[in-house]
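Below: one structure, written as structure tokens.
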Amino acid sequence: MMWVPRSVALRALRGLVVFQGRRLSGVVTQQQGKGDSDESALRPLYLDVQATTPLDPRVLDSMLPYLVHYYGNPHSRTHAYGWESESAMEKARQQVASIIGADPREIIFTSGATESNNIAVKGVARFYKSRKKHIITTQTEHKCVLDSCRALEAEGFHVTYLPVKKNGIIDLKDLENAIQPDTSLVSVMTVNNEIGVKQPVSDIGHICSSRKIFFHTDAAQAVGKIPLNVNDMKIDLMSISGHKIYGPKGVGAIYIRRRPRVRVEPLQSGGGQERGLRSGTVPTPLVVGFGAACELAQQEIEYDHKRISLLAERLVTKIMREIPDVVMNGDPVDRYPGCINLSFAYVEGESLLMALKEVALSSGSACTSASLEPSYVLRAIGTDEDLAHSSIRFGIGRFTTEDEVDYTVKKCIQHVKRLREMSPLWEMVQDGIDLKSIKWTQH
């Protein structure tokens, strides 16, 4: 496949006019009650790429023929329509396998990383349950892994939830001490979706391999962003998501090692597609887009990482230079730079998010941000509840510009200072009062 130049893709994606730091969408919208069809709607800047990424225009180009012209069922073996789609599906399988150093036969297409995580955790546990009934994971995993483990506990499995250190990384000694004779699976995510820390996946893989335990990693936030090789890292199962790497939503994959073979009990019954592990018609346009996104990410991983690192450093340096009492959550070194989680002391995170309406940001995982409870990930790393409530996640991606970072920094500084001026706690701190020494009374 021949790709268009990156600069062309950037212009095509935006199709937007930057006006006073805010993107002015070219789409005309009719305002309710006014009937003015010539007034364009202002849309916020997008700095929430851990939740989802925009579709790369080059990925869309690869998908369009399979949405319109090549619409055959890839599992139809009796005519050209099916053969065309099957060929495209297998090419995509090769592209996904290539980015993690796997064999294409080890890639199973799914609807996304949530399904892949469910298949990995529940599938391995249930298949080996007659001999092994113990699973190890961490307290900071994605909710779908934690909930899968809780479901297995209800079935009689024993689950160890490893704590993490203050920097968000597990202690390998805790992992080794937690392993039991009947441990079947260790599941640890590669890059955390809230604080961006990188776990020592290769070390974990070698520990598991030496003890003949299967190792699964949720790499939704890592694939295409940091180099990964399932063989070098001794990974047996890996979950991947399409929409986290500028591909379409609704598609993902699970890597399942063939040698030594990992056996998995399927979660759903049906026509036996995907080697019987994930029945259901594979959506050709989505997997074609997913494959193209993986190929692009593999080609541009070094460039993207360098550029995103510079933008992240720019954002953090400028904010911390202008605002005191800002804490970066998670390890400052072992992290993916595009995921920045900052706590602004004496500021309510939700209030800051509302004030920063010109920028699309998050206070944590998109899967749990509807809850008013402080992030369980921040609680796990020992963050004070007040600081946990004041955290904001900044996501920098392939299409983020310097102007967008500078505008976000400017607005963030402006609103944090304004909100602190309204805070009696900030006033007390300025007067030299130690808030922890105060005994608060309830009325």
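Numbering starts fresh at 1 for the residues of each chain in the structure tokens, the chains themselves are lettered A, B, ... in the order given, and ligands are numbered from 1 as they appear.
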Exercise. Any idea what's packed within 10 Å of A:Pro104, counting only C-alpha atoms, ignoring anything in its chain fewer than 2 positions away? Could you give it as a list in words?
Worked result: Glu90, Lys91, Ala92, Arg93, Gln94, Gln95, Val96, Ala97, Ser98, Gly101, Ala102, Glu106, Ile107, Ile108 and Tyr255 of chain A
Can those selected residues be exported to a file as a PDB file, in the first residue's frame so that it contains C-alpha atoms?
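Okay, this is what ended up in part26.pdb:
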```
ATOM      1  CA  GLU A  90      -5.229 -11.832   6.300  1.00  0.00           C
ATOM      2  CA  LYS A  91      -3.112  -8.883   5.188  1.00  0.00           C
ATOM      3  CA  ALA A  92      -4.410  -6.933   8.208  1.00  0.00           C
ATOM      4  CA  ARG A  93      -3.578  -9.897  10.446  1.00  0.00           C
ATOM      5  CA  GLN A  94      -0.009  -9.778   9.152  1.00  0.00           C
ATOM      6  CA  GLN A  95       0.203  -6.005   9.790  1.00  0.00           C
ATOM      7  CA  VAL A  96      -0.998  -6.403  13.387  1.00  0.00           C
ATOM      8  CA  ALA A  97       1.357  -9.327  13.995  1.00  0.00           C
ATOM      9  CA  SER A  98       4.316  -7.406  12.602  1.00  0.00           C
ATOM     10  CA  GLY A 101       6.860  -9.432  16.415  1.00  0.00           C
ATOM     11  CA  ALA A 102       4.261 -12.211  16.337  1.00  0.00           C
ATOM     12  CA  GLU A 106      -1.300 -15.939  16.695  1.00  0.00           C
ATOM     13  CA  ILE A 107      -3.552 -12.908  16.090  1.00  0.00           C
ATOM     14  CA  ILE A 108      -7.269 -13.230  16.849  1.00  0.00           C
ATOM     15  CA  TYR A 255      -2.277 -12.258  20.607  1.00  0.00           C
TER      16      TYR A 255
END
```
Exercise. What are the DSSP helix (DSSP H, G or I) residues of stretch 222-401 of chain A, as a PyMOL selection string?
Worked result: chain A and resi 274-276+284-322+349-355+376-380+385-388
For this session: Using only C-alpha atoms, pick whichever of A:Gly349, A:Leu55, A:Val416, A:Glu421 has the shortest atom-to-atom distance to A:Ile392.
Result: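 Selected residue with least distance to A:Ile392: A:Gly349.
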For this session: Pull the strand (DSSP E or B) assignments for stretch 116-290 of chain A out of DSSP run on the backbone, and list those residues as a PyMOL selection string.
Result: chain A and resi 134-138+158-162+183-187+191+197-198+214-218+237-241+252-256
Can I get the selected residues back with C-alpha atoms, as a tab-separated table (two decimals), in the first residue's frame?
```tsv
chain	number	residue	atom	x	y	z
A	134	HIS	CA	-4.81	-18.88	41.18
A	135	ILE	CA	-4.37	-15.65	39.20
A	136	ILE	CA	-2.12	-12.64	39.85
A	137	THR	CA	-2.84	-9.09	38.70
A	138	THR	CA	-2.28	-5.56	40.01
A	158	HIS	CA	-8.22	-17.13	44.12
A	159	VAL	CA	-6.87	-13.78	42.87
A	160	THR	CA	-3.88	-11.85	44.22
A	161	TYR	CA	-4.04	-8.09	43.55
A	162	LEU	CA	-0.47	-6.83	43.76
A	183	THR	CA	-0.88	-20.03	39.58
A	184	SER	CA	-2.07	-20.19	35.96
A	185	LEU	CA	-1.86	-16.55	34.85
A	186	VAL	CA	-0.20	-13.23	35.62
A	187	SER	CA	-1.89	-10.18	34.05
A	191	VAL	CA	1.36	1.27	30.02
A	197	VAL	CA	3.73	4.49	33.83
A	198	LYS	CA	5.45	1.58	32.10
A	214	PHE	CA	1.29	-17.72	31.38
A	215	PHE	CA	1.79	-13.95	31.17
A	216	HIS	CA	-0.88	-11.63	29.76
A	217	THR	CA	-0.44	-7.90	29.25
A	218	ASP	CA	-3.02	-5.27	28.33
A	237	LEU	CA	-1.13	-13.15	25.60
A	238	MET	CA	-1.52	-9.49	24.62
A	239	SER	CA	-4.58	-7.25	24.22
A	240	ILE	CA	-4.59	-4.57	21.50
A	241	SER	CA	-7.10	-1.85	20.59
A	252	GLY	CA	-9.02	-4.95	18.39
A	253	ALA	CA	-7.04	-8.14	18.70
A	254	ILE	CA	-5.65	-10.64	21.15
A	255	TYR	CA	-2.28	-12.26	20.61
A	256	ILE	CA	-2.22	-15.87	21.84
```
Exercise. Which neighbours of A:Val49 fall inside 8 Å, counting only C-alpha atoms, when residues of the same chain fewer than 6 positions from it are skipped, and could you give them as a list in words?
Worked result: Lys244, Gly395, Ile396 and Gly397 of chain A
For this session: Choose the residue, out of A:Thr401, A:Asn329, A:Ser87, A:Ser375, that has the smallest atom-to-atom separation from A:Leu311; count only C-alpha atoms.
Result: A:Thr401
Per-residue nearest contacts of stretch 30-112 of chain A to stretch 262-278 of chain A (8 Å; only C-alpha atoms) as JSON lines:
```
{"residue": "A:His75", "atom": "CA", "partner": "A:Gln273", "partner_atom": "CA", "distance": 8.0}
{"residue": "A:Ile108", "atom": "CA", "partner": "A:Glu274", "partner_atom": "CA", "distance": 5.8}
{"residue": "A:Phe109", "atom": "CA", "partner": "A:Glu274", "partner_atom": "CA", "distance": 7.1}
{"residue": "A:Thr110", "atom": "CA", "partner": "A:Arg278", "partner_atom": "CA", "distance": 7.0}
```
Would you save the residues from that selection as a PDB file, in the first residue's frame, using N, CA and C atoms?
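result_7.pdb was written with the following content:
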```pdb
ATOM      1  N   HIS A  75     -15.597 -14.928   5.266  1.00  0.00           N
ATOM      2  CA  HIS A  75     -15.699 -16.362   5.537  1.00  0.00           C
ATOM      3  C   HIS A  75     -16.462 -17.105   4.440  1.00  0.00           C
ATOM      4  N   ILE A 108      -5.825 -12.986  16.895  1.00  0.00           N
ATOM      5  CA  ILE A 108      -7.269 -13.230  16.849  1.00  0.00           C
ATOM      6  C   ILE A 108      -7.964 -11.875  16.899  1.00  0.00           C
ATOM      7  N   PHE A 109      -8.789 -11.570  15.893  1.00  0.00           N
ATOM      8  CA  PHE A 109      -9.492 -10.289  15.881  1.00  0.00           C
ATOM      9  C   PHE A 109     -10.662 -10.308  16.852  1.00  0.00           C
ATOM     10  N   THR A 110     -10.836  -9.193  17.565  1.00  0.00           N
ATOM     11  CA  THR A 110     -11.931  -9.029  18.530  1.00  0.00           C
ATOM     12  C   THR A 110     -12.588  -7.667  18.312  1.00  0.00           C
TER      13      THR A 110
END
```
Exercise. Which residue gives the smallest distance to A:Lys417 among A:Pro324, A:Gly112, A:Pro337, A:Gly82, with only C-alpha atoms counted?
Worked result: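 Smallest separation from A:Lys417 among the options: A:Pro324.
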For this session: Please provide as a ChimeraX atom specification all residues within 10 Å of A:Asp174, with the sequence filter that same-chain residues fewer than 5 positions apart are discarded (counting only C-alpha atoms).
Result: /A:162-164,179
Atoms to include: all heavy atoms. Write the selected residues as an mmCIF file, in the first residue's frame.
```cif
data_model
loop_
_atom_site.group_PDB
_atom_site.id
_atom_site.type_symbol
_atom_site.label_atom_id
_atom_site.label_comp_id
_atom_site.auth_asym_id
_atom_site.auth_seq_id
_atom_site.Cartn_x
_atom_site.Cartn_y
_atom_site.Cartn_z
ATOM 1 N N LEU A 162 -1.731 -7.389 43.291
ATOM 2 C CA LEU A 162 -0.467 -6.834 43.762
ATOM 3 C C LEU A 162 -0.568 -5.326 43.969
ATOM 4 O O LEU A 162 -1.126 -4.617 43.117
ATOM 5 C CB LEU A 162 0.650 -7.114 42.755
ATOM 6 C CG LEU A 162 1.058 -8.572 42.532
ATOM 7 C CD1 LEU A 162 2.105 -8.634 41.432
ATOM 8 C CD2 LEU A 162 1.594 -9.188 43.813
ATOM 9 N N PRO A 163 0.002 -4.815 45.059
ATOM 10 C CA PRO A 163 0.071 -3.358 45.218
ATOM 11 C C PRO A 163 1.156 -2.795 44.306
ATOM 12 O O PRO A 163 1.986 -3.543 43.767
ATOM 13 C CB PRO A 163 0.459 -3.187 46.688
ATOM 14 C CG PRO A 163 1.239 -4.432 47.007
ATOM 15 C CD PRO A 163 0.628 -5.540 46.184
ATOM 16 N N VAL A 164 1.144 -1.495 44.124
ATOM 17 C CA VAL A 164 2.208 -0.829 43.368
ATOM 18 C C VAL A 164 2.911 0.156 44.290
ATOM 19 O O VAL A 164 2.365 0.577 45.311
ATOM 20 C CB VAL A 164 1.661 -0.084 42.128
ATOM 21 C CG1 VAL A 164 1.108 -1.056 41.112
ATOM 22 C CG2 VAL A 164 0.608 0.952 42.519
ATOM 23 N N ILE A 179 3.595 -15.847 43.664
ATOM 24 C CA ILE A 179 3.412 -17.029 42.812
ATOM 25 C C ILE A 179 3.234 -18.278 43.676
ATOM 26 O O ILE A 179 3.981 -18.514 44.623
ATOM 27 C CB ILE A 179 4.611 -17.194 41.853
ATOM 28 C CG1 ILE A 179 4.618 -16.037 40.833
ATOM 29 C CG2 ILE A 179 4.545 -18.530 41.119
ATOM 30 C CD1 ILE A 179 5.842 -16.006 39.929
#
```
For this session: Show which residues sit within 9 Å of A:Lys132, as a PyMOL selection string. Count only C-alpha atoms, and ignore same-chain residues fewer than 4 positions away.
Result: chain A and resi 125+128+157+181-184
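Shortest separation to A:Gly168 among A:Arg379, A:His142, A:Arg211, A:Lys133 occurs at residue A:Arg379, atoms counted being only C-alpha atoms.
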List as a JSON list (two decimals) with all heavy atoms, in the first residue's frame the protein and nucleic acid residues near A:Thr53, meaning an atom at most 12 Å away when only C-alpha atoms are counted, but skip any in the same chain fewer than 2 places from it.
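Listing of around-v9.json after writing:
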```json
[["chain", "number", "residue", "atom", "x", "y", "z"],
["A", 13, "LEU", "N", -6.59, 15.81, 8.26],
["A", 13, "LEU", "CA", -7.26, 15.55, 9.53],
["A", 13, "LEU", "C", -7.86, 16.81, 10.10],
["A", 13, "LEU", "O", -9.00, 16.83, 10.55],
["A", 13, "LEU", "CB", -6.29, 14.97, 10.56],
["A", 13, "LEU", "CG", -6.94, 14.82, 11.92],
["A", 13, "LEU", "CD1", -7.71, 13.52, 11.97],
["A", 13, "LEU", "CD2", -5.95, 14.87, 13.04],
["A", 46, "TYR", "N", -8.40, 18.97, 21.29],
["A", 46, "TYR", "CA", -8.49, 17.59, 21.78],
["A", 46, "TYR", "C", -7.18, 17.13, 22.39],
["A", 46, "TYR", "O", -6.18, 16.94, 21.69],
["A", 46, "TYR", "CB", -8.89, 16.65, 20.64],
["A", 46, "TYR", "CG", -9.24, 15.26, 21.13],
["A", 46, "TYR", "CD1", -10.43, 15.03, 21.79],
["A", 46, "TYR", "CD2", -8.36, 14.20, 20.98],
["A", 46, "TYR", "CE1", -10.76, 13.77, 22.28],
["A", 46, "TYR", "CE2", -8.66, 12.94, 21.46],
["A", 46, "TYR", "CZ", -9.86, 12.73, 22.10],
["A", 46, "TYR", "OH", -10.18, 11.49, 22.59],
["A", 47, "LEU", "N", -7.17, 16.98, 23.71],
["A", 47, "LEU", "CA", -6.02, 16.46, 24.43],
["A", 47, "LEU", "C", -6.45, 15.32, 25.35],
["A", 47, "LEU", "O", -6.20, 15.33, 26.56],
["A", 47, "LEU", "CB", -5.33, 17.57, 25.24],
["A", 47, "LEU", "CG", -4.11, 18.24, 24.58],
["A", 47, "LEU", "CD1", -4.57, 19.15, 23.46],
["A", 47, "LEU", "CD2", -3.32, 19.04, 25.60],
["A", 48, "ASP", "N", -7.11, 14.34, 24.75],
["A", 48, "ASP", "CA", -7.61, 13.20, 25.53],
["A", 48, "ASP", "C", -7.38, 11.90, 24.75],
["A", 48, "ASP", "O", -8.27, 11.06, 24.65],
["A", 48, "ASP", "CB", -9.10, 13.39, 25.84],
["A", 48, "ASP", "CG", -9.59, 12.47, 26.95],
["A", 48, "ASP", "OD1", -8.76, 11.98, 27.73],
["A", 48, "ASP", "OD2", -10.82, 12.25, 27.05],
["A", 49, "VAL", "N", -6.16, 11.77, 24.20],
["A", 49, "VAL", "CA", -5.90, 10.63, 23.31],
["A", 49, "VAL", "C", -5.79, 9.29, 24.03],
["A", 49, "VAL", "O", -5.74, 8.25, 23.37],
["A", 49, "VAL", "CB", -4.62, 10.87, 22.46],
["A", 49, "VAL", "CG1", -4.79, 12.03, 21.51],
["A", 49, "VAL", "CG2", -3.40, 11.06, 23.35],
["A", 50, "GLN", "N", -5.76, 9.29, 25.38],
["A", 50, "GLN", "CA", -5.82, 7.99, 26.07],
["A", 50, "GLN", "C", -7.24, 7.42, 26.02],
["A", 50, "GLN", "O", -7.42, 6.21, 26.11],
["A", 50, "GLN", "CB", -5.37, 8.13, 27.53],
["A", 50, "GLN", "CG", -3.86, 8.05, 27.73],
["A", 50, "GLN", "CD", -3.13, 9.24, 27.16],
["A", 50, "GLN", "OE1", -3.51, 10.38, 27.42],
["A", 50, "GLN", "NE2", -2.09, 9.00, 26.38],
["A", 51, "ALA", "N", -8.23, 8.29, 25.88],
["A", 51, "ALA", "CA", -9.62, 7.83, 25.77],
["A", 51, "ALA", "C", -9.86, 7.26, 24.37],
["A", 51, "ALA", "O", -10.42, 6.17, 24.21],
["A", 51, "ALA", "CB", -10.58, 8.97, 26.06],
["A", 55, "LEU", "N", -9.22, 9.24, 13.87],
["A", 55, "LEU", "CA", -8.89, 8.33, 12.79],
["A", 55, "LEU", "C", -7.91, 9.01, 11.84],
["A", 55, "LEU", "O", -8.17, 10.09, 11.33],
["A", 55, "LEU", "CB", -10.17, 7.94, 12.03],
["A", 55, "LEU", "CG", -10.04, 6.82, 11.00],
["A", 55, "LEU", "CD1", -9.82, 5.48, 11.68],
["A", 55, "LEU", "CD2", -11.30, 6.76, 10.14],
["A", 56, "ASP", "N", -6.77, 8.37, 11.62],
["A", 56, "ASP", "CA", -5.80, 8.91, 10.67],
["A", 56, "ASP", "C", -6.42, 8.87, 9.27],
["A", 56, "ASP", "O", -6.96, 7.83, 8.87],
["A", 56, "ASP", "CB", -4.52, 8.08, 10.71],
["A", 56, "ASP", "CG", -3.36, 8.72, 9.97],
["A", 56, "ASP", "OD1", -3.52, 9.01, 8.76],
["A", 56, "ASP", "OD2", -2.30, 8.94, 10.58],
["A", 57, "PRO", "N", -6.38, 9.97, 8.51],
["A", 57, "PRO", "CA", -7.00, 9.98, 7.17],
["A", 57, "PRO", "C", -6.45, 8.88, 6.26],
["A", 57, "PRO", "O", -7.16, 8.38, 5.40],
["A", 57, "PRO", "CB", -6.64, 11.37, 6.62],
["A", 57, "PRO", "CG", -6.40, 12.20, 7.82],
["A", 57, "PRO", "CD", -5.83, 11.29, 8.86],
["A", 220, "ALA", "N", -3.03, -1.99, 25.28],
["A", 220, "ALA", "CA", -3.84, -1.05, 24.49],
["A", 220, "ALA", "C", -3.20, 0.32, 24.40],
["A", 220, "ALA", "O", -3.27, 0.99, 23.36],
["A", 220, "ALA", "CB", -5.25, -0.94, 25.08],
["A", 221, "GLN", "N", -2.56, 0.76, 25.49],
["A", 221, "GLN", "CA", -1.95, 2.09, 25.52],
["A", 221, "GLN", "C", -0.47, 2.07, 25.10],
["A", 221, "GLN", "O", 0.20, 3.10, 25.16],
["A", 221, "GLN", "CB", -2.06, 2.69, 26.93],
["A", 221, "GLN", "CG", -3.48, 2.89, 27.43],
["A", 221, "GLN", "CD", -4.19, 4.05, 26.75],
["A", 221, "GLN", "OE1", -3.59, 4.84, 26.02],
["A", 221, "GLN", "NE2", -5.49, 4.16, 26.96],
["A", 241, "SER", "N", -5.91, -2.61, 20.98],
["A", 241, "SER", "CA", -7.10, -1.85, 20.59],
["A", 241, "SER", "C", -6.83, -1.04, 19.34],
["A", 241, "SER", "O", -5.77, -0.44, 19.21],
["A", 241, "SER", "CB", -7.53, -0.92, 21.74],
["A", 241, "SER", "OG", -8.57, -0.07, 21.33],
["A", 242, "GLY", "N", -7.81, -0.98, 18.44],
["A", 242, "GLY", "CA", -7.66, -0.22, 17.20],
["A", 242, "GLY", "C", -7.74, 1.29, 17.40],
["A", 242, "GLY", "O", -6.95, 2.04, 16.83],
["A", 243, "HIS", "N", -8.68, 1.73, 18.22],
["A", 243, "HIS", "CA", -8.94, 3.18, 18.29],
["A", 243, "HIS", "C", -7.96, 3.93, 19.18],
["A", 243, "HIS", "O", -8.03, 5.15, 19.31],
["A", 243, "HIS", "CB", -10.40, 3.45, 18.72],
["A", 243, "HIS", "CG", -10.69, 3.21, 20.17],
["A", 243, "HIS", "ND1", -10.81, 4.22, 21.07],
["A", 243, "HIS", "CD2", -10.90, 2.07, 20.85],
["A", 243, "HIS", "CE1", -11.10, 3.71, 22.26],
["A", 243, "HIS", "NE2", -11.14, 2.41, 22.15],
["A", 244, "LYS", "N", -7.01, 3.21, 19.80],
["A", 244, "LYS", "CA", -5.96, 3.88, 20.57],
["A", 244, "LYS", "C", -4.74, 4.21, 19.70],
["A", 244, "LYS", "O", -3.84, 4.90, 20.15],
["A", 244, "LYS", "CB", -5.49, 2.99, 21.74],
["A", 244, "LYS", "CG", -6.60, 2.50, 22.66],
["A", 244, "LYS", "CD", -7.26, 3.59, 23.45],
["A", 244, "LYS", "CE", -8.20, 2.97, 24.49],
["A", 244, "LYS", "NZ", -8.98, 3.96, 25.22],
["A", 245, "ILE", "N", -4.71, 3.70, 18.47],
["A", 245, "ILE", "CA", -3.57, 3.94, 17.58],
["A", 245, "ILE", "C", -4.03, 4.55, 16.25],
["A", 245, "ILE", "O", -3.50, 4.22, 15.20],
["A", 245, "ILE", "CB", -2.74, 2.66, 17.35],
["A", 245, "ILE", "CG1", -3.62, 1.51, 16.86],
["A", 245, "ILE", "CG2", -1.98, 2.26, 18.59],
["A", 245, "ILE", "CD1", -2.81, 0.32, 16.37],
["A", 246, "TYR", "N", -5.04, 5.43, 16.33],
["A", 246, "TYR", "CA", -5.51, 6.19, 15.16],
["A", 246, "TYR", "C", -6.21, 5.29, 14.14],
["A", 246, "TYR", "O", -6.26, 5.60, 12.95],
["A", 246, "TYR", "CB", -4.36, 6.99, 14.52],
["A", 246, "TYR", "CG", -3.59, 7.77, 15.54],
["A", 246, "TYR", "CD1", -2.46, 7.24, 16.16],
["A", 246, "TYR", "CD2", -4.04, 9.02, 15.97],
["A", 246, "TYR", "CE1", -1.79, 7.93, 17.15],
["A", 246, "TYR", "CE2", -3.37, 9.73, 16.96],
["A", 246, "TYR", "CZ", -2.25, 9.18, 17.54],
["A", 246, "TYR", "OH", -1.60, 9.87, 18.53],
["A", 247, "GLY", "N", -6.77, 4.19, 14.64],
["A", 247, "GLY", "CA", -7.57, 3.29, 13.83],
["A", 247, "GLY", "C", -9.04, 3.42, 14.19],
["A", 247, "GLY", "O", -9.42, 4.26, 15.01],
["A", 248, "PRO", "N", -9.90, 2.58, 13.59],
["A", 248, "PRO", "CA", -11.34, 2.67, 13.86],
["A", 248, "PRO", "C", -11.73, 2.09, 15.21],
["A", 248, "PRO", "O", -11.00, 1.26, 15.77],
["A", 248, "PRO", "CB", -11.96, 1.84, 12.72],
["A", 248, "PRO", "CG", -10.88, 0.86, 12.36],
["A", 248, "PRO", "CD", -9.57, 1.56, 12.58],
["A", 249, "LYS", "N", -12.85, 2.54, 15.72],
["A", 249, "LYS", "CA", -13.41, 1.98, 16.96],
["A", 249, "LYS", "C", -14.13, 0.67, 16.63],
["A", 249, "LYS", "O", -14.55, 0.44, 15.50],
["A", 249, "LYS", "CB", -14.38, 2.98, 17.59],
["A", 249, "LYS", "CG", -13.70, 4.25, 18.07],
["A", 249, "LYS", "CD", -14.72, 5.28, 18.51],
["A", 249, "LYS", "CE", -14.03, 6.56, 18.96],
["A", 249, "LYS", "NZ", -13.24, 7.21, 17.88],
["A", 293, "ALA", "N", -3.52, 1.06, 10.47],
["A", 293, "ALA", "CA", -3.08, 1.87, 11.62],
["A", 293, "ALA", "C", -1.82, 1.27, 12.25],
["A", 293, "ALA", "O", -0.90, 2.00, 12.64],
["A", 293, "ALA", "CB", -4.20, 1.97, 12.64],
["A", 395, "GLY", "N", -3.54, 14.31, 27.42],
["A", 395, "GLY", "CA", -3.13, 13.31, 26.43],
["A", 395, "GLY", "C", -2.61, 13.97, 25.16],
["A", 395, "GLY", "O", -3.34, 14.72, 24.51],
["A", 396, "ILE", "N", -1.35, 13.72, 24.83],
["A", 396, "ILE", "CA", -0.72, 14.32, 23.65],
["A", 396, "ILE", "C", -0.50, 13.22, 22.62],
["A", 396, "ILE", "O", 0.02, 12.15, 22.94],
["A", 396, "ILE", "CB", 0.62, 14.98, 24.03],
["A", 396, "ILE", "CG1", 0.35, 16.16, 24.98],
["A", 396, "ILE", "CG2", 1.38, 15.45, 22.80],
["A", 396, "ILE", "CD1", 1.59, 16.79, 25.55],
["A", 397, "GLY", "N", -0.91, 13.51, 21.37],
["A", 397, "GLY", "CA", -0.83, 12.49, 20.34],
["A", 397, "GLY", "C", -0.21, 12.95, 19.04],
["A", 397, "GLY", "O", 0.39, 14.03, 18.95],
["A", 398, "ARG", "N", -0.38, 12.13, 18.03],
["A", 398, "ARG", "CA", 0.24, 12.34, 16.72],
["A", 398, "ARG", "C", -0.12, 13.68, 16.09],
["A", 398, "ARG", "O", 0.70, 14.30, 15.42],
["A", 398, "ARG", "CB", -0.18, 11.19, 15.78],
["A", 398, "ARG", "CG", 0.37, 11.27, 14.38],
["A", 398, "ARG", "CD", -0.12, 10.11, 13.52],
["A", 398, "ARG", "NE", 0.41, 8.83, 14.03],
["A", 398, "ARG", "CZ", -0.01, 7.64, 13.59],
["A", 398, "ARG", "NH1", -0.97, 7.57, 12.69],
["A", 398, "ARG", "NH2", 0.53, 6.54, 14.08],
["A", 399, "PHE", "N", -1.34, 14.13, 16.30],
["A", 399, "PHE", "CA", -1.81, 15.34, 15.62],
["A", 399, "PHE", "C", -1.85, 16.57, 16.52],
["A", 399, "PHE", "O", -2.36, 17.62, 16.13],
["A", 399, "PHE", "CB", -3.19, 15.09, 15.00],
["A", 399, "PHE", "CG", -3.18, 13.97, 13.99],
["A", 399, "PHE", "CD1", -3.83, 12.78, 14.26],
["A", 399, "PHE", "CD2", -2.51, 14.11, 12.80],
["A", 399, "PHE", "CE1", -3.82, 11.74, 13.34],
["A", 399, "PHE", "CE2", -2.49, 13.08, 11.86],
["A", 399, "PHE", "CZ", -3.15, 11.89, 12.14],
["A", 400, "THR", "N", -1.33, 16.44, 17.75],
["A", 400, "THR", "CA", -1.27, 17.59, 18.66],
["A", 400, "THR", "C", -0.20, 18.56, 18.18],
["A", 400, "THR", "O", 0.88, 18.14, 17.78],
["A", 400, "THR", "CB", -0.96, 17.13, 20.09],
["A", 400, "THR", "OG1", -1.86, 16.09, 20.47],
["A", 400, "THR", "CG2", -1.08, 18.27, 21.08]]
```
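Interatomic distance, atom CA of A:Thr383 against atom CA of A:Asn167: 10.3 Å.
Counting only C-alpha atoms and comparing A:Lys357, A:Lys122, A:Lys318, A:Arg335, the residue that lies closest to A:Val409 is A:Lys318.
Interatomic distance, atom CA of A:Ala355 against atom CA of A:Asn193: 23.6 Å.
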Find the residues near stretch 232-235 of chain A: any atom within 7 Å, counting only C-alpha atoms, skip ones fewer than 4 places away on the same chain, and give them as a short mmCIF file (atom, residue, chain, number, x, y, z; two decimals) with all heavy atoms, in the first residue's frame.
```cif
data_model
loop_
_atom_site.label_atom_id
_atom_site.label_comp_id
_atom_site.auth_asym_id
_atom_site.auth_seq_id
_atom_site.Cartn_x
_atom_site.Cartn_y
_atom_site.Cartn_z
N VAL A 201 7.66 -5.01 31.87
CA VAL A 201 6.99 -6.14 31.23
C VAL A 201 7.97 -7.26 30.87
O VAL A 201 7.68 -8.45 31.06
CB VAL A 201 6.23 -5.65 29.97
CG1 VAL A 201 5.68 -6.82 29.17
CG2 VAL A 201 5.09 -4.73 30.39
N SER A 202 9.13 -6.91 30.36
CA SER A 202 10.11 -7.93 29.97
C SER A 202 10.57 -8.73 31.19
O SER A 202 10.67 -9.97 31.12
CB SER A 202 11.30 -7.26 29.27
OG SER A 202 12.21 -8.22 28.79
N GLY A 205 7.78 -11.02 32.22
CA GLY A 205 7.68 -12.13 31.28
C GLY A 205 8.71 -13.21 31.54
O GLY A 205 8.41 -14.42 31.49
N HIS A 206 9.95 -12.80 31.84
CA HIS A 206 10.99 -13.79 32.10
C HIS A 206 10.76 -14.52 33.43
O HIS A 206 11.04 -15.73 33.53
CB HIS A 206 12.36 -13.10 32.09
CG HIS A 206 12.88 -12.83 30.71
ND1 HIS A 206 12.49 -11.72 29.97
CD2 HIS A 206 13.73 -13.53 29.92
CE1 HIS A 206 13.09 -11.76 28.79
NE2 HIS A 206 13.84 -12.83 28.72
N SER A 209 7.95 -17.00 32.62
CA SER A 209 8.44 -18.08 31.76
C SER A 209 9.27 -19.09 32.55
O SER A 209 9.13 -20.31 32.37
CB SER A 209 9.29 -17.48 30.63
OG SER A 209 9.83 -18.48 29.81
N PHE A 215 1.75 -15.40 30.91
CA PHE A 215 1.79 -13.95 31.17
C PHE A 215 0.96 -13.21 30.14
O PHE A 215 1.21 -13.31 28.94
CB PHE A 215 3.24 -13.46 31.15
CG PHE A 215 3.39 -11.95 31.26
CD1 PHE A 215 2.60 -11.22 32.14
CD2 PHE A 215 4.32 -11.27 30.48
CE1 PHE A 215 2.73 -9.83 32.23
CE2 PHE A 215 4.46 -9.90 30.57
CZ PHE A 215 3.66 -9.17 31.44
N HIS A 216 -0.03 -12.46 30.62
CA HIS A 216 -0.88 -11.63 29.76
C HIS A 216 -0.61 -10.16 30.07
O HIS A 216 -0.47 -9.79 31.24
CB HIS A 216 -2.36 -11.93 30.00
CG HIS A 216 -3.28 -10.85 29.47
ND1 HIS A 216 -3.97 -9.97 30.29
CD2 HIS A 216 -3.58 -10.48 28.20
CE1 HIS A 216 -4.68 -9.14 29.54
NE2 HIS A 216 -4.45 -9.42 28.28
#
```
